[in-house]
$ cat upload-v2.cif   # mmCIF, C-alpha atoms and all ligand atoms
data_run
loop_
_atom_site.label_atom_id
_atom_site.label_comp_id
_atom_site.auth_asym_id
_atom_site.auth_seq_id
_atom_site.Cartn_x
_atom_site.Cartn_y
_atom_site.Cartn_z
CA MET K 159 134.89 227.95 109.44
CA SER K 160 135.11 226.01 112.66
CA GLU K 161 138.18 226.49 114.83
CA PHE K 162 137.92 222.90 116.06
CA LYS K 163 140.28 220.49 114.37
CA HIS K 164 138.94 217.31 115.94
CA VAL K 165 135.35 216.83 117.05
CA ALA K 166 134.22 213.57 118.67
CA ILE K 167 130.59 212.59 119.22
CA ILE K 168 129.00 209.98 121.49
CA MET K 169 125.85 209.18 119.55
CA ASP K 170 123.61 208.20 122.46
CA GLY K 171 119.87 207.99 123.10
CA ASN K 172 118.63 205.75 120.27
CA GLY K 173 117.01 203.20 122.59
CA ARG K 174 115.15 205.76 124.70
CA TRP K 175 114.07 207.63 121.58
CA ALA K 176 112.42 204.45 120.29
CA ARG K 177 110.93 203.51 123.68
CA GLU K 178 109.28 206.94 123.94
CA ARG K 179 107.53 206.05 120.69
CA LEU K 180 106.62 202.58 121.98
CA ARG K 181 108.93 200.96 119.43
CA PRO K 182 111.75 198.42 119.89
CA ARG K 183 115.23 199.81 120.62
CA ILE K 184 116.50 198.62 117.24
CA TRP K 185 114.08 201.01 115.53
CA GLY K 186 115.91 203.83 117.31
CA HIS K 187 119.22 202.60 115.94
CA VAL K 188 117.78 202.51 112.42
CA ARG K 189 116.57 206.11 112.75
CA GLY K 190 119.83 207.11 114.37
CA SER K 191 121.85 205.74 111.48
CA THR K 192 120.04 208.05 109.05
CA VAL K 193 121.31 211.12 110.95
CA VAL K 194 124.98 210.23 110.54
CA SER K 195 125.51 211.32 106.92
CA ASP K 196 124.06 214.82 107.51
CA ILE K 197 126.35 215.32 110.49
CA VAL K 198 129.37 214.10 108.50
CA GLN K 199 128.45 216.54 105.72
CA THR K 200 128.12 219.42 108.21
CA ALA K 201 131.52 218.62 109.72
CA SER K 202 133.09 218.45 106.29
CA ASP K 203 131.49 221.77 105.23
CA SER K 204 132.54 223.47 108.50
CA GLY K 205 136.20 222.84 107.84
CA ILE K 206 136.61 220.40 110.73
CA LYS K 207 139.66 218.21 110.04
CA ALA K 208 138.60 215.11 111.98
CA LEU K 209 135.28 213.72 113.13
CA THR K 210 135.18 210.64 115.36
CA LEU K 211 131.83 208.97 115.96
CA TYR K 212 131.28 206.50 118.79
CA ALA K 213 129.03 203.82 117.32
CA PHE K 214 129.70 200.71 119.42
CA SER K 215 131.73 200.32 122.60
CA THR K 216 133.59 197.29 123.97
CA GLU K 217 130.94 197.35 126.73
CA ASN K 218 128.11 197.24 124.17
CA TRP K 219 129.02 193.58 123.46
CA SER K 220 127.03 192.76 126.60
CA ARG K 221 123.74 193.87 124.97
CA PRO K 222 121.18 191.32 123.67
CA LYS K 223 122.49 189.37 120.68
CA ASP K 224 119.87 190.64 118.22
CA GLU K 225 120.61 194.26 119.14
CA VAL K 226 124.35 193.69 118.65
CA SER K 227 123.90 192.00 115.28
CA SER K 228 121.50 194.69 114.08
CA LEU K 229 124.15 197.30 114.88
CA PHE K 230 126.66 195.38 112.72
CA LYS K 231 124.08 195.24 109.93
CA LEU K 232 123.51 198.98 110.17
CA LEU K 233 127.23 199.68 109.90
CA ARG K 234 127.40 197.56 106.74
CA LYS K 235 124.27 199.20 105.28
CA PHE K 236 125.70 202.64 106.03
CA LEU K 237 128.94 201.84 104.22
CA ILE K 238 127.19 200.35 101.20
CA LYS K 239 124.91 203.39 100.96
CA GLU K 240 127.49 206.08 101.69
CA LYS K 241 130.61 204.63 100.07
CA ASN K 242 130.35 206.71 96.90
CA ARG K 243 129.51 209.89 98.77
CA ILE K 244 132.50 209.35 101.08
CA ILE K 245 134.77 208.93 98.06
CA ALA K 246 133.24 211.87 96.18
CA ASN K 247 133.66 214.15 99.20
CA ASN K 248 137.37 213.31 99.51
CA ILE K 249 136.76 211.87 103.00
CA LYS K 250 139.36 209.59 104.58
CA PHE K 251 137.51 206.82 106.39
CA LYS K 252 138.77 204.52 109.15
CA VAL K 253 137.36 202.32 111.88
CA ILE K 254 139.08 202.21 115.27
CA GLY K 255 138.41 199.34 117.64
CA GLU K 256 138.79 195.58 117.93
CA ILE K 257 136.72 194.54 114.93
CA GLU K 258 137.99 190.99 114.36
CA ASN K 259 134.81 189.50 115.87
CA LEU K 260 132.53 191.30 113.42
CA PRO K 261 131.02 189.36 110.48
CA LYS K 262 133.68 188.68 107.82
CA GLU K 263 131.85 190.54 105.03
CA THR K 264 131.56 193.63 107.26
CA ILE K 265 135.28 193.57 107.99
CA ALA K 266 136.00 193.19 104.26
CA LEU K 267 133.79 196.17 103.44
CA ILE K 268 135.43 198.31 106.14
CA ARG K 269 138.90 197.44 104.79
CA GLU K 270 137.75 198.18 101.24
CA VAL K 271 136.44 201.67 102.07
CA GLU K 272 139.53 202.36 104.19
CA SER K 273 141.86 201.44 101.38
CA ILE K 274 139.93 203.30 98.62
CA THR K 275 139.92 206.49 100.71
CA ASP K 276 143.46 206.14 102.04
CA SER K 277 144.83 208.92 99.84
CA SER K 278 141.87 211.29 100.42
CA THR K 279 142.85 214.67 101.79
CA GLY K 280 139.53 215.92 103.21
CA LEU K 281 137.80 215.14 106.50
CA ASN K 282 139.30 212.31 108.59
CA LEU K 283 136.15 210.37 109.42
CA THR K 284 136.55 207.72 112.10
CA PHE K 285 133.99 205.27 113.38
CA ALA K 286 134.79 203.97 116.85
CA PHE K 287 133.35 200.49 116.66
CA SER K 288 133.93 197.80 119.26
CA TYR K 289 136.08 200.55 120.72
CA GLY K 290 137.26 201.07 124.28
CA GLY K 291 139.62 203.84 125.41
CA ARG K 292 141.35 201.64 127.95
CA THR K 293 141.87 198.84 125.44
CA GLU K 294 143.38 201.32 122.99
CA ILE K 295 145.88 202.56 125.60
CA VAL K 296 146.83 199.04 126.73
CA GLN K 297 147.35 197.75 123.17
CA ALA K 298 149.48 200.83 122.36
CA PHE K 299 151.53 200.19 125.49
CA ASN K 300 152.10 196.53 124.54
CA ALA K 301 152.93 197.35 120.92
CA PHE K 302 155.45 199.98 122.02
CA ALA K 303 157.11 197.60 124.48
CA LYS K 304 157.35 194.86 121.85
CA GLU K 305 158.86 197.07 119.17
CA ASN K 306 161.12 199.11 121.42
CA PRO K 307 162.52 196.75 124.05
CA GLY K 308 164.28 198.59 126.86
CA LYS K 309 163.39 202.07 125.48
CA VAL K 310 161.81 204.74 127.66
CA MET K 311 158.27 205.56 126.64
CA THR K 312 157.18 209.18 126.18
CA GLU K 313 153.69 210.60 125.63
CA LYS K 314 154.62 211.27 122.02
CA SER K 315 156.16 207.88 121.30
CA LEU K 316 153.27 206.01 122.93
CA SER K 317 150.61 207.93 121.02
CA GLN K 318 152.18 206.73 117.75
CA TYR K 319 150.79 203.29 118.63
CA PHE K 320 147.17 204.35 118.94
CA TYR K 321 144.66 203.05 116.41
CA ARG K 322 144.74 206.25 114.38
CA PRO K 323 147.56 208.51 115.63
CA GLU K 324 147.09 211.16 112.93
CA ILE K 325 143.73 212.36 114.30
CA GLY K 326 145.39 213.69 117.47
CA ASP K 327 143.76 215.28 120.49
CA VAL K 328 140.04 215.92 120.66
CA ASP K 329 139.12 219.63 120.77
CA LEU K 330 135.42 219.17 121.36
CA MET K 331 133.44 216.16 122.57
CA ILE K 332 129.67 216.24 122.20
CA ARG K 333 127.40 213.65 123.82
CA THR K 334 123.75 213.42 122.87
CA GLY K 335 121.07 211.68 124.94
CA GLY K 336 121.45 213.57 128.23
CA GLU K 337 123.98 211.37 130.08
CA LYS K 338 126.98 213.22 131.46
CA ARG K 339 129.79 210.70 131.20
CA ILE K 340 132.41 209.68 128.69
CA SER K 341 131.81 205.90 128.72
CA ASN K 342 135.37 204.77 127.88
CA PHE K 343 135.63 206.96 124.76
CA LEU K 344 139.02 208.36 123.57
CA LEU K 345 140.31 208.64 127.15
CA TRP K 346 143.83 209.71 126.19
CA GLN K 347 142.83 212.03 123.33
CA MET K 348 140.20 213.84 125.43
CA ALA K 349 142.67 215.03 128.09
CA TYR K 350 141.95 218.70 127.24
CA ALA K 351 138.76 218.47 125.22
CA GLU K 352 135.90 220.88 125.69
CA LEU K 353 132.84 218.84 126.70
CA TYR K 354 129.28 219.51 125.61
CA PHE K 355 126.26 217.49 126.71
CA THR K 356 122.89 217.88 125.04
CA ASP K 357 119.58 216.28 126.05
CA THR K 358 118.67 215.80 122.39
CA LYS K 359 118.59 212.10 121.62
CA TRP K 360 120.73 211.06 118.65
CA PRO K 361 117.86 210.42 116.17
CA ASP K 362 116.74 214.05 116.72
CA PHE K 363 120.21 215.57 116.46
CA SER K 364 120.38 217.98 113.51
CA PRO K 365 122.99 219.90 111.51
CA GLU K 366 121.46 223.10 112.96
CA GLU K 367 122.07 221.99 116.54
CA PHE K 368 125.56 220.83 115.62
CA GLN K 369 126.37 224.28 114.13
CA LYS K 370 124.90 225.99 117.19
CA ILE K 371 127.11 223.93 119.51
CA LEU K 372 130.21 224.68 117.41
CA SER K 373 129.61 228.42 117.60
CA GLU K 374 128.63 228.36 121.30
CA VAL K 375 131.69 226.37 122.38
CA SER K 376 134.01 228.48 120.21
CA ARG K 377 133.23 231.37 122.57
CA ARG K 378 134.75 229.46 125.50
CA GLU K 379 138.31 230.33 126.43
CA ARG K 380 140.64 227.33 126.26
CA ARG K 381 143.45 227.93 128.72
CA PHE K 382 145.42 224.65 128.78
CA GLY K 383 146.54 225.33 132.32
CA ASN K 384 147.71 228.86 131.53
CA VAL K 385 146.22 232.08 132.94
CA SER K 386 143.28 233.74 131.25
CA VAL K 387 144.32 236.02 128.41
CA GLN K 388 141.03 237.91 128.73
CA SER K 389 141.14 238.50 132.48
CA ASP K 390 144.86 239.30 132.20
CA LEU K 391 144.04 242.00 129.68
CA ALA K 392 141.23 243.32 131.88
CA GLU K 393 143.61 243.39 134.84
CA SER K 394 146.29 245.36 132.97
CA ILE K 395 143.68 247.88 131.78
CA GLU K 396 142.52 248.28 135.40
CA VAL K 397 146.09 248.78 136.66
CA ALA K 398 146.77 251.31 133.90
CA GLU K 399 143.55 253.21 134.77
CA THR K 400 144.44 253.30 138.49
CA ASN K 401 147.93 254.57 137.74
CA LYS K 402 146.51 257.23 135.42
CA ASN K 403 144.02 258.39 138.07
CA LYS K 404 146.76 258.47 140.70
CA LYS K 405 148.96 260.60 138.45
CA MET K 406 146.09 262.97 137.71
CA LYS K 407 145.40 263.38 141.44
CA GLU K 408 149.09 264.04 142.14
CA ASN K 409 149.17 266.62 139.34
CA THR K 410 146.08 268.43 140.66
CA SER K 411 147.42 268.53 144.23
CA ASP K 412 150.69 270.01 142.85
CA VAL K 413 148.78 273.05 141.55
C1 LIG Q 1 123.45 204.70 121.49
O1 LIG Q 1 122.15 204.58 121.86
C2 LIG Q 1 123.88 203.69 120.47
C3 LIG Q 1 124.73 202.63 121.02
C4 LIG Q 1 125.22 202.59 122.22
C5 LIG Q 1 125.04 201.56 120.14
P1 LIG Q 1 121.67 203.62 123.04
O2 LIG Q 1 121.32 202.31 122.47
O3 LIG Q 1 122.69 203.56 124.12
O4 LIG Q 1 120.40 204.37 123.51
P2 LIG Q 1 119.91 204.61 125.01
O5 LIG Q 1 121.04 205.27 125.73
O6 LIG Q 1 119.60 203.26 125.56
O7 LIG Q 1 118.72 205.49 124.87
C1 LIG Q 2 128.15 204.87 124.78
O1 LIG Q 2 126.79 204.74 124.96
C2 LIG Q 2 128.58 204.12 123.58
C3 LIG Q 2 128.04 204.59 122.31
C4 LIG Q 2 127.26 205.60 122.10
C5 LIG Q 2 128.46 203.81 121.20
P1 LIG Q 2 126.16 203.71 126.04
O2 LIG Q 2 124.72 203.93 126.03
O3 LIG Q 2 126.66 202.34 125.77
O4 LIG Q 2 126.85 204.24 127.38
P2 LIG Q 2 126.40 204.02 128.88
O5 LIG Q 2 126.22 202.56 129.05
O6 LIG Q 2 125.13 204.77 129.08
O7 LIG Q 2 127.52 204.60 129.66
MG MG Q 3 122.97 204.71 125.78
#
$ encode --input "upload-v2.cif" --output "C-alpha cells" --more "lines below"
Ligand code: IPE
Ligand code: IPE
Ligand code: MG
Amino acid sequence: MSEFKHVAIIMDGNGRWARERLRPRIWGHVRGSTVVSDIVQTASDSGIKALTLYAFSTENWSRPKDEVSSLFKLLRKFLIKEKNRIIANNIKFKVIGEIENLPKETIALIREVESITDSSTGLNLTFAFSYGGRTEIVQAFNAFAKENPGKVMTEKSLSQYFYRPEIGDVDLMIRTGGEKRISNFLLWQMAYAELYFTDTKWPDFSPEEFQKILSEVSRRERRFGNVSVQSDLAESIEVAETNKNKKMKENTSDV
C-alpha cells in the first residue's frame, strides 16, 4: 500500500510523442487519453487517497483552436466511456478549474458525474482542466474577503476556499515528458511535495513505471524542515560507540 495520500501528475509529452511518429499532435492526445484509466486504476489499487491529473492549463487556451477543441472532446469521450467504471470503483470525481467556457454539454456531463459520485468513499479523482495555480489562489483570496469582511486570513481559512479543499497537500508530484518545471500546477498544495520527473512521454507511461516511482520515492526521507531522523540516529550511535571506547580505554589504563 502506498504511503502517499495525494499524488498529482502533469501528463506531458503527447505532442512530441506524436511528432516522433510523424503524426499530428492531436493523435498524441488521443493516445494519451487511453493511458489515463489504467493509471487511475493503479492509484486506486495502491491505496492512494487522491489523484489529481493536469489535463489542460489556463495557459493551454493559447494553443491552436482545433487542438483546444479536440482536448475538450477527449475529456467528454473519457467521461462517457469511463463513467460506469468510475461509479463501480467507488471513485469520487471532480474537475478543478475555470470550466465555464467549455462546451455546454461537456459542462453538463462533468456536473452529472460529479453529482453521481459525490457520496463515493474511494479514490478522490480530480481533473485539473482549464486550471491555473495562481488563478486558484486569487479566487480563494477574493472569496474569503467577500465572505469574511474585516477578518484576518490564515493559511487554514484561506485553503477552505480552494476548488477542492478536501484533497489537501500534494505528497508526490510526477511530471512525464522530460520537462523540469511545474507549469502553474497546484502551487499552494505542492509547497512540500516530493517531485519526480521522468523522460517517458505520457502516451508511454505505464502502471509499472507508476508503481516503480511510488516505491522509489517512498525511500526518500521527508523532513518538513526538521532534522534527519536517520542521520540523528546514526549520530547518537556514533556518540555512544565513542563513549564506550573511551570508557574501555580508561578501564584498561586503570589496571
Ligand atoms: C500534454 O502534452 C497535454 C496538454 C498540455 C494538454 P503536450 O501537448 O504539452 O505535449 P508536448 O509537451 O508538446 O510534447
Ligand atoms: C502543462 O503542460 C499542462 C498540462 C500537462 C496540462 P504544458 O506542455 O502546457 O507546459 P509547458 O508549456 O511546457 O510549461
Ligand atoms: Mg507540453
$ atom_distance --input "upload-v2.cif" --atom1 "atom CA of Phe287 of chain K" --atom2 "atom CA of Phe320 of chain K"
14.5 Å
$ residues_around --input "upload-v2.cif" --residues "Thr275 of chain K" --least-positions-apart "5" --cutoff "12 Å" --atoms "only C-alpha atoms" --output "PyMOL selection string"
chain K and resi 241-252+268-270+280-284
$ residues_near_ligand --input "upload-v2.cif" --ligand "ligand LIG 1 (chain Q)" --cutoff "9 Å" --atoms "only C-alpha atoms and all ligand atoms" --output "ChimeraX atom specification"
/K:168-177,183-184,186-187,190,212-215,217-218,225-226,229,334-337,359-360
$ closest_residue --input "upload-v2.cif" --among "K:His164, K:Arg179, K:Lys404, K:Arg333" --to "ligand LIG 2 (chain Q)" --atoms "all atoms listed in the file"
K:Arg333
$ closest_residue --input "upload-v2.cif" --among "K:Arg221, K:Met311, K:Thr400, K:Asp390" --to "ligand MG 3 (chain Q)" --atoms "only C-alpha atoms and all ligand atoms"
K:Arg221
$ closest_residue --input "upload-v2.cif" --among "K:Lys314, K:Asn403, K:Tyr350, K:Asp362" --to "Arg380 of chain K" --atoms "only C-alpha atoms"
K:Tyr350
$ closest_residue --input "upload-v2.cif" --among "K:Lys338, K:Lys405, K:Arg381, K:Lys370" --to "ligand LIG 2 (chain Q)" --atoms "all atoms listed in the file"
K:Lys338
